[in-house]
$ cat entry.csv   # CSV, C-alpha atoms
chain,number,residue,atom,x,y,z
P,1,MET,CA,111.4,125.5,80.3
P,2,ALA,CA,111.9,129.2,79.5
P,3,ASP,CA,113.2,131.9,81.8
P,4,LYS,CA,110.8,134.5,80.4
P,5,TYR,CA,107.5,134.7,82.4
P,6,GLN,CA,104.7,133.0,80.7
P,7,ALA,CA,101.2,132.2,82.1
P,8,VAL,CA,100.3,128.5,82.1
P,9,GLY,CA,101.0,126.9,78.8
P,10,TRP,CA,97.6,125.3,78.3
P,11,ASN,CA,97.0,122.3,76.2
P,12,GLY,CA,94.2,119.8,75.7
P,13,PHE,CA,95.6,117.4,78.3
P,14,LYS,CA,95.9,120.1,81.0
P,15,LEU,CA,92.4,121.4,80.4
P,16,ARG,CA,90.9,117.9,80.6
P,17,TYR,CA,93.0,117.1,83.7
P,18,ASP,CA,91.8,120.3,85.5
P,19,LEU,CA,88.2,119.7,84.4
P,20,TRP,CA,88.3,116.1,85.7
P,21,ILE,CA,89.7,117.2,89.1
P,22,GLY,CA,87.3,120.2,89.3
P,23,GLY,CA,84.4,117.8,88.5
P,24,ALA,CA,85.6,115.3,91.1
P,25,VAL,CA,85.9,118.0,93.8
P,26,ALA,CA,82.4,119.3,92.9
P,27,ALA,CA,80.9,115.7,93.0
P,28,PHE,CA,82.7,115.1,96.4
P,29,VAL,CA,81.3,118.4,97.9
P,30,ILE,CA,77.8,117.6,96.6
P,31,ALA,CA,77.8,114.0,97.9
P,32,TYR,CA,79.2,115.1,101.3
P,33,SER,CA,76.5,117.8,101.6
P,34,VAL,CA,73.7,115.5,100.6
P,35,ALA,CA,75.0,112.9,103.2
P,36,ALA,CA,75.3,115.6,105.8
P,37,VAL,CA,71.7,116.8,105.2
P,38,LEU,CA,70.4,113.2,105.3
P,39,SER,CA,72.4,112.3,108.4
P,40,PRO,CA,73.3,115.6,110.2
P,41,PRO,CA,76.5,115.9,112.2
P,42,THR,CA,76.4,115.7,116.0
P,43,GLY,CA,75.4,118.9,117.8
P,44,ASP,CA,72.5,121.2,118.5
P,45,SER,CA,73.1,123.5,115.6
P,46,PHE,CA,73.0,122.5,112.0
P,47,HIS,CA,73.6,125.1,109.3
P,48,PRO,CA,74.5,125.1,105.6
P,49,VAL,CA,77.7,127.1,106.4
P,50,GLN,CA,78.8,124.3,108.7
P,51,ILE,CA,78.2,121.7,106.1
P,52,ALA,CA,80.1,123.8,103.5
P,53,MET,CA,82.9,124.2,106.0
P,54,ARG,CA,83.2,120.5,106.6
P,55,ALA,CA,82.7,119.6,102.9
P,56,SER,CA,85.4,121.9,101.8
P,57,GLY,CA,87.8,120.8,104.5
P,58,ALA,CA,87.2,117.1,103.7
P,59,ALA,CA,87.6,117.8,100.0
P,60,ALA,CA,90.9,119.6,100.5
P,61,PHE,CA,92.2,116.8,102.7
P,62,ALA,CA,91.0,114.0,100.3
P,63,LEU,CA,92.5,115.8,97.2
P,64,LEU,CA,95.8,116.4,99.0
P,65,THR,CA,95.9,112.7,100.0
P,66,ALA,CA,95.3,111.7,96.4
P,67,VAL,CA,97.9,114.2,95.0
P,68,LEU,CA,100.5,112.9,97.4
P,69,ALA,CA,99.7,109.3,96.5
P,70,ILE,CA,100.3,109.8,92.7
P,71,GLY,CA,104.1,109.8,93.0
P,72,PRO,CA,104.7,106.5,94.8
P,73,LEU,CA,101.7,104.9,93.0
P,74,ALA,CA,103.2,105.7,89.6
P,75,ARG,CA,106.2,103.7,90.7
P,76,PHE,CA,104.1,100.5,91.0
P,77,VAL,CA,101.3,101.2,88.4
P,78,PRO,CA,102.8,102.8,85.3
P,79,GLY,CA,99.3,103.8,84.1
P,80,VAL,CA,99.2,106.4,86.9
P,81,ALA,CA,102.3,108.2,85.6
P,82,PRO,CA,100.4,110.6,83.3
P,83,LEU,CA,98.7,112.1,86.4
P,84,LEU,CA,102.1,113.3,87.5
P,85,TYR,CA,102.4,115.6,84.5
P,86,ASN,CA,100.0,118.2,85.8
P,87,ARG,CA,100.0,117.4,89.5
P,88,ARG,CA,100.8,120.9,90.6
P,89,HIS,CA,97.4,122.2,89.2
P,90,ALA,CA,95.7,119.8,91.7
P,91,GLY,CA,98.0,121.1,94.4
P,92,VAL,CA,97.0,124.7,93.7
P,93,MET,CA,93.3,123.5,93.8
P,94,VAL,CA,94.0,122.0,97.3
P,95,GLY,CA,95.2,125.4,98.4
P,96,LEU,CA,92.2,127.2,97.1
P,97,ILE,CA,89.7,124.8,98.6
P,98,ALA,CA,91.5,125.0,101.9
P,99,LEU,CA,91.3,128.8,101.7
P,100,VAL,CA,87.5,128.5,101.3
P,101,HIS,CA,87.4,126.1,104.3
P,102,ALA,CA,89.4,128.6,106.4
P,103,ALA,CA,87.3,131.6,105.4
P,104,LEU,CA,84.1,129.8,106.2
P,105,ALA,CA,85.5,128.6,109.6
P,106,ILE,CA,86.8,132.0,110.6
P,107,GLY,CA,83.6,133.7,109.5
P,108,TRP,CA,81.4,131.2,111.3
P,109,TYR,CA,83.3,130.9,114.6
P,110,TYR,CA,85.0,134.3,115.1
P,111,SER,CA,83.1,137.0,113.2
P,112,PHE,CA,80.9,137.8,116.2
P,113,SER,CA,83.9,138.2,118.5
P,114,PRO,CA,84.6,141.7,119.8
P,115,LEU,CA,88.2,141.1,118.7
P,116,ASN,CA,89.5,141.0,115.2
P,117,PRO,CA,88.6,137.4,113.9
P,118,PHE,CA,92.2,136.6,113.3
P,119,VAL,CA,93.3,137.8,116.8
P,120,ALA,CA,90.3,135.8,118.3
P,121,LEU,CA,91.5,132.7,116.3
P,122,LEU,CA,95.0,133.0,117.6
P,123,ALA,CA,94.0,133.7,121.2
P,124,SER,CA,91.0,131.5,121.6
P,125,ARG,CA,92.6,128.6,123.6
P,126,ALA,CA,93.8,128.7,127.1
P,127,PRO,CA,97.0,126.7,127.7
P,128,SER,CA,96.1,123.2,128.9
P,129,LEU,CA,97.5,119.6,128.6
P,130,ALA,CA,94.1,118.2,127.7
P,131,VAL,CA,93.8,116.6,124.3
P,132,THR,CA,90.7,118.7,123.6
P,133,ALA,CA,92.8,121.9,124.2
P,134,VAL,CA,95.3,121.3,121.4
P,135,PRO,CA,95.1,124.4,119.2
P,136,PHE,CA,94.0,122.5,116.1
P,137,GLU,CA,93.0,125.8,114.4
P,138,LEU,CA,96.7,126.9,114.4
P,139,LEU,CA,97.8,123.5,112.9
P,140,GLY,CA,95.3,124.2,110.1
P,141,LEU,CA,96.4,127.8,109.7
P,142,ALA,CA,100.1,126.7,109.4
P,143,ALA,CA,99.2,124.1,106.9
P,144,LEU,CA,97.2,126.6,104.9
P,145,ALA,CA,100.2,129.0,104.9
P,146,ILE,CA,102.4,126.3,103.5
P,147,LEU,CA,99.9,125.3,100.8
P,148,LEU,CA,99.4,128.9,99.7
P,149,VAL,CA,103.2,129.6,99.5
P,150,MET,CA,103.5,126.4,97.4
P,151,ALA,CA,100.6,127.4,95.2
P,152,ALA,CA,102.2,130.8,94.6
P,153,THR,CA,105.5,129.3,93.7
P,154,SER,CA,104.2,126.4,91.7
P,155,HIS,CA,104.9,128.0,88.3
P,156,ASP,CA,108.0,127.0,86.3
P,157,HIS,CA,109.1,130.6,86.5
P,158,TRP,CA,109.8,130.1,90.2
P,159,LEU,CA,111.4,126.7,89.5
P,160,LYS,CA,113.8,128.5,87.1
P,161,VAL,CA,114.5,131.4,89.5
P,162,LEU,CA,115.0,129.3,92.6
P,163,GLY,CA,116.7,126.3,90.8
P,164,ALA,CA,115.5,122.7,91.0
P,165,PRO,CA,117.1,121.7,94.3
P,166,ARG,CA,115.8,124.8,96.2
P,167,TRP,CA,112.4,124.6,94.6
P,168,LYS,CA,112.1,120.9,95.3
P,169,ALA,CA,113.2,121.4,98.9
P,170,LEU,CA,110.6,124.2,99.3
P,171,HIS,CA,107.9,122.0,97.8
P,172,MET,CA,108.8,119.1,100.1
P,173,ALA,CA,107.1,121.2,102.8
P,174,VAL,CA,103.8,119.8,101.5
P,175,TYR,CA,104.5,116.7,103.6
P,176,GLY,CA,104.8,119.0,106.7
P,177,ALA,CA,101.5,120.6,105.7
P,178,TYR,CA,99.9,117.1,105.4
P,179,ALA,CA,101.2,116.1,108.9
P,180,LEU,CA,99.8,119.4,110.3
P,181,LEU,CA,96.4,118.6,108.6
P,182,VAL,CA,96.3,115.1,110.1
P,183,GLY,CA,96.8,116.9,113.5
P,184,HIS,CA,94.2,119.5,112.6
P,185,VAL,CA,91.6,116.8,111.9
P,186,ALA,CA,92.6,114.5,114.8
P,187,PHE,CA,92.6,117.2,117.4
P,188,GLY,CA,89.7,119.1,115.9
P,189,MET,CA,86.9,117.2,114.2
P,190,LEU,CA,87.7,113.9,115.9
P,191,GLN,CA,87.2,115.5,119.3
P,192,VAL,CA,83.6,116.4,118.4
P,193,GLU,CA,82.5,113.6,116.2
P,194,ARG,CA,82.6,110.3,118.0
P,195,ALA,CA,81.5,107.8,115.3
P,196,ALA,CA,84.2,105.1,114.9
P,197,LEU,CA,84.2,105.6,111.2
P,198,TYR,CA,86.0,109.0,111.3
P,199,PRO,CA,89.3,107.9,113.0
P,200,ARG,CA,89.3,104.8,110.7
P,201,MET,CA,89.0,107.0,107.6
P,202,LEU,CA,91.7,109.3,108.8
P,203,LEU,CA,94.0,106.4,109.7
P,204,GLY,CA,93.2,104.7,106.4
P,205,ALA,CA,94.0,107.8,104.4
P,206,ALA,CA,97.2,109.0,106.3
P,207,GLY,CA,98.4,105.5,107.1
P,208,GLY,CA,97.8,104.2,103.6
P,209,LEU,CA,99.6,107.2,102.1
P,210,ALA,CA,102.6,106.8,104.5
P,211,LEU,CA,102.8,103.0,103.7
P,212,LEU,CA,102.7,103.8,100.0
P,213,HIS,CA,105.5,106.2,100.3
P,214,LEU,CA,107.5,103.8,102.4
P,215,ALA,CA,107.0,101.0,99.8
P,216,GLY,CA,108.1,103.4,97.1
P,217,ALA,CA,111.2,104.5,99.0
P,218,LEU,CA,112.1,100.9,99.7
P,219,ARG,CA,111.7,100.1,96.0
P,220,GLU,CA,114.0,103.0,95.0
P,221,ALA,CA,116.6,102.0,97.6
P,222,LEU,CA,116.6,98.5,96.1
P,223,ALA,CA,116.7,99.8,92.6
P,224,ASP,CA,119.8,101.9,93.5
P,225,ARG,CA,121.5,98.8,94.9
P,226,LEU,CA,120.6,96.7,91.8
P,227,ALA,CA,121.8,99.5,89.4
P,228,ASP,CA,125.3,99.6,91.0
P,229,ARG,CA,128.2,98.6,88.8
P,230,LYS,CA,131.9,98.7,89.4
P,231,GLY,CA,134.8,99.7,87.1
P,232,ASP,CA,135.6,102.3,84.4
P,233,TRP,CA,133.2,100.6,82.0
P,234,LEU,CA,129.8,99.6,83.5
P,235,ASP,CA,128.0,96.5,82.2
P,236,ALA,CA,124.4,97.3,81.1
P,237,GLY,CA,123.6,93.8,80.0
P,238,PRO,CA,122.9,92.3,76.6
P,239,ALA,CA,122.6,95.2,74.1
P,240,ALA,CA,119.9,93.3,72.1
P,241,ASP,CA,117.7,93.0,75.2
P,242,ILE,CA,117.1,96.8,75.4
P,243,PRO,CA,113.8,97.5,73.8
P,244,GLU,CA,113.6,100.1,71.0
P,245,GLY,CA,112.7,103.6,72.4
P,246,ARG,CA,113.4,102.5,76.0
P,247,ALA,CA,116.3,102.3,78.4
P,248,VAL,CA,118.0,100.1,81.0
P,249,ILE,CA,119.2,101.9,84.1
P,250,ILE,CA,122.6,101.4,85.7
P,251,ALA,CA,124.9,103.4,88.0
P,252,PRO,CA,128.5,103.6,89.0
P,253,ALA,CA,128.7,102.2,92.6
P,254,GLY,CA,127.3,104.9,94.9
P,255,GLY,CA,126.8,107.4,92.0
P,256,GLU,CA,123.8,108.8,90.1
P,257,ARG,CA,121.8,106.7,87.6
P,258,ILE,CA,122.7,106.4,83.9
P,259,ALA,CA,120.1,105.4,81.3
P,260,VAL,CA,121.2,103.4,78.3
P,261,TRP,CA,118.8,104.0,75.5
P,262,ARG,CA,118.1,102.2,72.2
P,263,HIS,CA,117.0,104.6,69.5
P,264,GLU,CA,116.7,103.6,65.8
P,265,GLY,CA,118.9,100.5,66.4
P,266,ARG,CA,121.7,102.5,68.2
P,267,LEU,CA,122.6,102.7,71.8
P,268,PHE,CA,123.1,106.0,73.7
P,269,ALA,CA,123.9,106.6,77.3
P,270,LEU,CA,122.7,109.7,79.2
P,271,SER,CA,122.1,110.8,82.7
P,272,GLY,CA,119.1,109.0,84.3
P,273,VAL,CA,118.1,112.2,86.2
P,274,CYS,CA,115.9,114.9,84.6
P,275,PRO,CA,117.2,118.4,85.6
P,276,HIS,CA,113.7,119.7,85.8
P,277,GLN,CA,112.7,118.1,89.1
P,278,ASN,CA,115.1,115.2,89.3
P,279,GLY,CA,112.5,112.9,87.6
P,280,PRO,CA,113.4,109.3,86.6
P,281,LEU,CA,114.4,110.1,83.0
P,282,GLY,CA,115.5,106.5,82.4
P,283,GLU,CA,111.9,105.3,83.0
P,284,GLY,CA,110.6,107.5,80.2
P,285,ARG,CA,110.5,106.7,76.5
P,286,ILE,CA,111.6,108.2,73.2
P,287,LEU,CA,108.9,110.3,71.6
P,288,ASP,CA,109.4,112.3,68.3
P,289,GLY,CA,113.1,111.3,68.5
P,290,CYS,CA,113.6,112.8,72.0
P,291,ILE,CA,114.0,111.1,75.3
P,292,THR,CA,110.9,112.2,77.3
P,293,CYS,CA,110.8,112.4,81.1
P,294,PRO,CA,107.8,110.5,82.4
P,295,TRP,CA,107.1,113.1,85.0
P,296,HIS,CA,106.5,116.4,83.1
P,297,GLY,CA,107.4,115.6,79.5
P,298,TRP,CA,110.8,117.5,79.4
P,299,GLN,CA,112.7,116.3,76.3
P,300,TYR,CA,116.4,115.7,75.5
P,301,ARG,CA,118.0,114.5,72.2
P,302,PRO,CA,119.8,111.1,72.6
P,303,MET,CA,122.9,112.3,70.6
P,304,ASP,CA,123.9,115.3,72.7
P,305,GLY,CA,121.6,115.4,75.7
P,306,ARG,CA,120.3,118.8,74.8
P,307,SER,CA,116.6,119.9,74.8
P,308,PRO,CA,115.3,120.7,71.3
P,309,PRO,CA,115.2,124.4,70.4
P,310,PRO,CA,114.1,126.9,71.7
P,311,PHE,CA,115.0,125.2,75.0
P,312,ASP,CA,118.5,125.1,76.4
P,313,GLU,CA,118.5,122.4,79.1
P,314,ARG,CA,120.9,119.5,78.9
P,315,VAL,CA,121.8,116.3,80.6
P,316,ASP,CA,125.2,114.5,80.7
P,317,THR,CA,126.0,112.0,78.0
P,318,TYR,CA,128.3,109.0,78.4
P,319,PRO,CA,130.5,106.9,76.1
P,320,VAL,CA,129.0,103.6,75.1
P,321,ARG,CA,130.3,100.5,73.3
P,322,ILE,CA,129.3,96.9,72.7
P,323,GLU,CA,131.6,94.1,73.6
P,324,ALA,CA,130.7,90.4,73.1
P,325,GLY,CA,127.1,91.5,72.7
P,326,ARG,CA,127.0,93.4,76.0
P,327,ALA,CA,126.5,97.1,76.3
P,328,LEU,CA,129.3,98.9,78.2
P,329,VAL,CA,129.0,102.5,79.5
P,330,GLY,CA,131.9,104.7,80.5
P,331,ALA,CA,131.7,105.7,84.2
P,332,GLN,CA,132.7,109.3,83.4
P,333,PRO,CA,130.5,111.7,81.3
P,334,LEU,CA,131.6,113.0,77.9
P,335,PRO,CA,132.6,116.7,77.8
P,336,ALA,CA,129.6,119.1,77.9
P,337,GLY,CA,128.1,119.6,74.5
P,338,ALA,CA,129.8,116.5,73.0
P,339,THR,CA,127.8,114.8,70.3
P,340,SER,CA,127.7,111.0,70.1
P,341,GLU,CA,126.6,108.9,67.1
P,342,GLY,CA,125.8,106.1,69.5
P,343,VAL,CA,126.8,102.6,68.7
P,344,LEU,CA,125.1,100.4,66.2
P,345,ILE,CA,123.5,97.1,67.5
P,346,LEU,CA,124.4,94.4,65.0
M,25,MET,CA,123.4,113.9,95.9
M,26,ILE,CA,120.1,112.6,94.5
M,27,ARG,CA,120.8,109.1,95.8
M,28,ARG,CA,121.4,110.6,99.3
M,29,ARG,CA,118.1,112.4,99.0
M,30,ARG,CA,116.4,109.1,98.1
M,31,ARG,CA,117.9,107.5,101.2
M,32,ALA,CA,116.8,110.5,103.3
M,33,HIS,CA,113.3,110.0,101.9
M,34,LEU,CA,113.2,106.4,103.0
M,35,ILE,CA,114.4,107.3,106.5
M,36,ALA,CA,111.9,110.1,106.7
M,37,TRP,CA,109.0,107.8,105.9
M,38,LEU,CA,110.3,105.2,108.4
M,39,VAL,CA,110.0,107.9,111.1
M,40,ILE,CA,106.8,109.6,109.8
M,41,THR,CA,104.7,106.5,109.4
M,42,PRO,CA,104.6,105.5,113.1
M,43,LEU,CA,104.4,109.1,114.2
M,44,LEU,CA,101.2,109.7,112.2
M,45,ALA,CA,99.6,106.5,113.5
M,46,VAL,CA,100.6,107.4,117.1
M,47,THR,CA,99.2,111.0,116.8
M,48,VAL,CA,95.8,109.8,115.5
M,49,LEU,CA,95.5,107.0,118.0
M,50,ALA,CA,96.5,109.4,120.9
M,51,ALA,CA,94.0,112.0,119.8
M,52,VAL,CA,91.3,109.4,119.8
M,53,THR,CA,92.1,107.4,122.9
M,54,LEU,CA,92.9,110.4,125.1
M,55,ARG,CA,89.7,112.3,124.4
M,56,PRO,CA,87.3,112.6,127.4
M,57,PRO,CA,84.3,110.3,127.4
M,58,VAL,CA,81.0,111.7,126.2
M,59,PRO,CA,78.8,112.3,129.2
M,60,ALA,CA,76.0,109.7,129.3
M,61,GLU,CA,72.7,111.1,128.4
M,62,ALA,CA,69.9,110.9,131.0
M,63,PRO,CA,67.1,108.5,130.0
M,64,VAL,CA,64.2,110.1,128.3
M,65,GLY,CA,61.7,111.3,130.9
M,66,THR,CA,64.2,111.8,133.7
M,67,PRO,CA,63.3,114.9,135.7
M,68,ARG,CA,65.9,117.7,135.5
$ encode --input "entry.csv" --output "structure tokens"
Amino acid sequence: MADKYQAVGWNGFKLRYDLWIGGAVAAFVIAYSVAAVLSPPTGDSFHPVQIAMRASGAAAFALLTAVLAIGPLARFVPGVAPLLYNRRHAGVMVGLIALVHAALAIGWYYSFSPLNPFVALLASRAPSLAVTAVPFELLGLAALAILLVMAATSHDHWLKVLGAPRWKALHMAVYGAYALLVGHVAFGMLQVERAALYPRMLLGAAGGLALLHLAGALREALADRLADRKGDWLDAGPAADIPEGRAVIIAPAGGERIAVWRHEGRLFALSGVCPHQNGPLGEGRILDGCITCPWHGWQYRPMDGRSPPPFDERVDTYPVRIEAGRALVGAQPLPAGATSEGVLIL
Amino acid sequence: MIRRRRRAHLIAWLVITPLLAVTVLAAVTLRPPVPAEAPVGTPR
């Protein structure tokens, strides 16, 4: 949340998160290698480098699938939401594991070429319409380039420099990288390995992920429709029904979401969108007197929408009143910096 | 703005989901058959 460059602000949660992911990747690679030794892949040659290459490739793909599943899964299973907090560390790890996979593959297949290994990689396939001639190596290389650019710009410093919309747009390229990787596996490994299990695993992972995102997007579209209210004052329902420390979400028809919070027996209305990464602020809760975004823990005071010092972010605040027991929110935000005492629930 | 992005997200996944499935299925169904191995003992 600061413009000044600062290395990763470690805390206990981040350390445990990274240790768990690192441990899971190590366990995956060991299990894969043991399975490969006990039941070797098809082919005449069988070498530890090949196993390491496949294990690292499979680990990167599996971890990326898991990372991309966290967002929509958190929509349906709130217990998954804490995993969002440090998701980008897992993304950086995907880039590093994919780099190891690429280094092993280039070293194994191209280092004995009279050409530069990278030139050999780019020029290794003659043009052909055959499915086995699809340059799957280039798909993998393009995906790796995207993952490395994302890893290099994953720090909040770049988020601040580029601004949330540009940064988010850049990092949406991860879905392009994932599609490239599906092609990389489908036109690479699946052309060699003929066991029926492999296409099923790929379809299960990529298809499951796509359906999960589709379900999440449908849920959000429905939530947008349900949140819509008309008029200058928007009805947020019975004031007494809003739980302490939580919010209900409404929106002016076609507009952005507004969250109506109950804090210490008073109601406050603030923008439902976190300026950090457009997270669903209204789905968070109040911690230490501050509205806390469920995605990355960014905080805002209910009274004025400002982040507590030393941070200087802010979200819009809205007028709120109670009429016949119902909470009503003004459709237009209060002037920037305005402080609201909220409205007491009687 | 963000609402438009959410709608774009939904449309994108409606397009991507069948594309991913078709890509994998095409890659698998269009691959050439594995040459049948000669029975053990067949003279070369």
$ closest_atom_pairs --input "entry.csv" --of "chain P" --to "chain M" --cutoff "7 Å" --atoms "all atoms listed in the file" --output "tab-separated table"
residue	atom	partner	partner_atom	distance
P:Val131	CA	M:Arg55	CA	5.9
P:Thr132	CA	M:Arg55	CA	6.5
P:Ala186	CA	M:Val48	CA	5.7
P:Phe187	CA	M:Ala51	CA	5.9
P:Leu190	CA	M:Val52	CA	7.0
P:Gln191	CA	M:Arg55	CA	6.5
P:Leu203	CA	M:Ala45	CA	6.8
P:Gly207	CA	M:Ala45	CA	6.6
P:Ala210	CA	M:Thr41	CA	5.3
P:Leu211	CA	M:Thr41	CA	7.0
P:His213	CA	M:Trp37	CA	6.8
P:Leu214	CA	M:Trp37	CA	5.5
P:Ala217	CA	M:Leu34	CA	4.9
P:Leu218	CA	M:Leu34	CA	6.5
P:Ala221	CA	M:Arg31	CA	6.7
P:Glu256	CA	M:Arg27	CA	6.4
$ atom_distance --input "entry.csv" --atom1 "atom CA of Pro252 of chain P" --atom2 "atom CA of Ala336 of chain P"
19.1 Å
$ residues_around --input "entry.csv" --residues "segment 28-33 of chain P" --least-positions-apart "5" --cutoff "7 Å" --atoms "all atoms listed in the file" --output "PyMOL selection string"
chain P and resi 51+55-56+59
$ atom_distance --input "entry.csv" --atom1 "atom CA of Val174 of chain P" --atom2 "atom CA of Ala196 of chain P"
27.9 Å
$ closest_residue --input "entry.csv" --among "P:Gly231, P:Pro199, P:Gly57, P:Pro165" --to "Arg29 of chain M" --atoms "only C-alpha atoms"
P:Pro165
$ atom_distance --input "entry.csv" --atom1 "atom CA of Phe118 of chain P" --atom2 "atom CA of Gly176 of chain P"
22.6 Å
$ build_atoms --input "entry.csv" --residues "segment 43-57 of chain M" --atoms "N, CA, C and O atoms" --output "mmCIF file, keeping the file's coordinate frame"
data_model
loop_
_atom_site.group_PDB
_atom_site.id
_atom_site.type_symbol
_atom_site.label_atom_id
_atom_site.label_comp_id
_atom_site.auth_asym_id
_atom_site.auth_seq_id
_atom_site.Cartn_x
_atom_site.Cartn_y
_atom_site.Cartn_z
ATOM 1 N N LEU M 43 104.788 107.868 113.556
ATOM 2 C CA LEU M 43 104.400 109.100 114.200
ATOM 3 C C LEU M 43 102.958 109.508 113.890
ATOM 4 O O LEU M 43 102.194 109.925 114.760
ATOM 5 N N LEU M 44 102.615 109.367 112.605
ATOM 6 C CA LEU M 44 101.200 109.700 112.200
ATOM 7 C C LEU M 44 100.238 108.797 112.889
ATOM 8 O O LEU M 44 99.219 109.264 113.416
ATOM 9 N N ALA M 45 100.561 107.507 112.905
ATOM 10 C CA ALA M 45 99.600 106.500 113.500
ATOM 11 C C ALA M 45 99.483 106.856 115.027
ATOM 12 O O ALA M 45 98.358 106.871 115.552
ATOM 13 N N VAL M 46 100.607 107.136 115.701
ATOM 14 C CA VAL M 46 100.600 107.400 117.100
ATOM 15 C C VAL M 46 99.757 108.696 117.411
ATOM 16 O O VAL M 46 98.945 108.754 118.345
ATOM 17 N N THR M 47 99.941 109.718 116.580
ATOM 18 C CA THR M 47 99.200 111.000 116.800
ATOM 19 C C THR M 47 97.705 110.756 116.704
ATOM 20 O O THR M 47 96.954 111.213 117.567
ATOM 21 N N VAL M 48 97.263 110.045 115.665
ATOM 22 C CA VAL M 48 95.800 109.800 115.500
ATOM 23 C C VAL M 48 95.281 108.968 116.640
ATOM 24 O O VAL M 48 94.237 109.282 117.236
ATOM 25 N N LEU M 49 96.007 107.913 116.968
ATOM 26 C CA LEU M 49 95.500 107.000 118.000
ATOM 27 C C LEU M 49 95.491 107.762 119.383
ATOM 28 O O LEU M 49 94.549 107.592 120.164
ATOM 29 N N ALA M 50 96.512 108.606 119.652
ATOM 30 C CA ALA M 50 96.500 109.400 120.900
ATOM 31 C C ALA M 50 95.353 110.339 120.941
ATOM 32 O O ALA M 50 94.669 110.466 121.968
ATOM 33 N N ALA M 51 95.106 111.019 119.837
ATOM 34 C CA ALA M 51 94.000 112.000 119.800
ATOM 35 C C ALA M 51 92.676 111.315 120.050
ATOM 36 O O ALA M 51 91.772 111.906 120.642
ATOM 37 N N VAL M 52 92.542 110.078 119.613
ATOM 38 C CA VAL M 52 91.300 109.400 119.800
ATOM 39 C C VAL M 52 91.148 108.744 121.168
ATOM 40 O O VAL M 52 90.113 108.868 121.829
ATOM 41 N N THR M 53 92.226 108.094 121.617
ATOM 42 C CA THR M 53 92.100 107.400 122.900
ATOM 43 C C THR M 53 92.150 108.305 124.109
ATOM 44 O O THR M 53 91.621 107.956 125.156
ATOM 45 N N LEU M 54 92.758 109.478 123.969
ATOM 46 C CA LEU M 54 92.900 110.400 125.100
ATOM 47 C C LEU M 54 91.701 111.359 125.250
ATOM 48 O O LEU M 54 91.657 112.155 126.180
ATOM 49 N N ARG M 55 90.786 111.325 124.298
ATOM 50 C CA ARG M 55 89.700 112.300 124.400
ATOM 51 C C ARG M 55 88.757 111.899 125.554
ATOM 52 O O ARG M 55 88.557 110.696 125.821
ATOM 53 N N PRO M 56 88.198 112.904 126.227
ATOM 54 C CA PRO M 56 87.300 112.600 127.400
ATOM 55 C C PRO M 56 86.074 111.872 126.941
ATOM 56 O O PRO M 56 85.595 112.099 125.835
ATOM 57 N N PRO M 57 85.545 111.001 127.806
ATOM 58 C CA PRO M 57 84.300 110.300 127.400
ATOM 59 C C PRO M 57 83.135 111.229 127.264
ATOM 60 O O PRO M 57 83.085 112.268 127.928
#
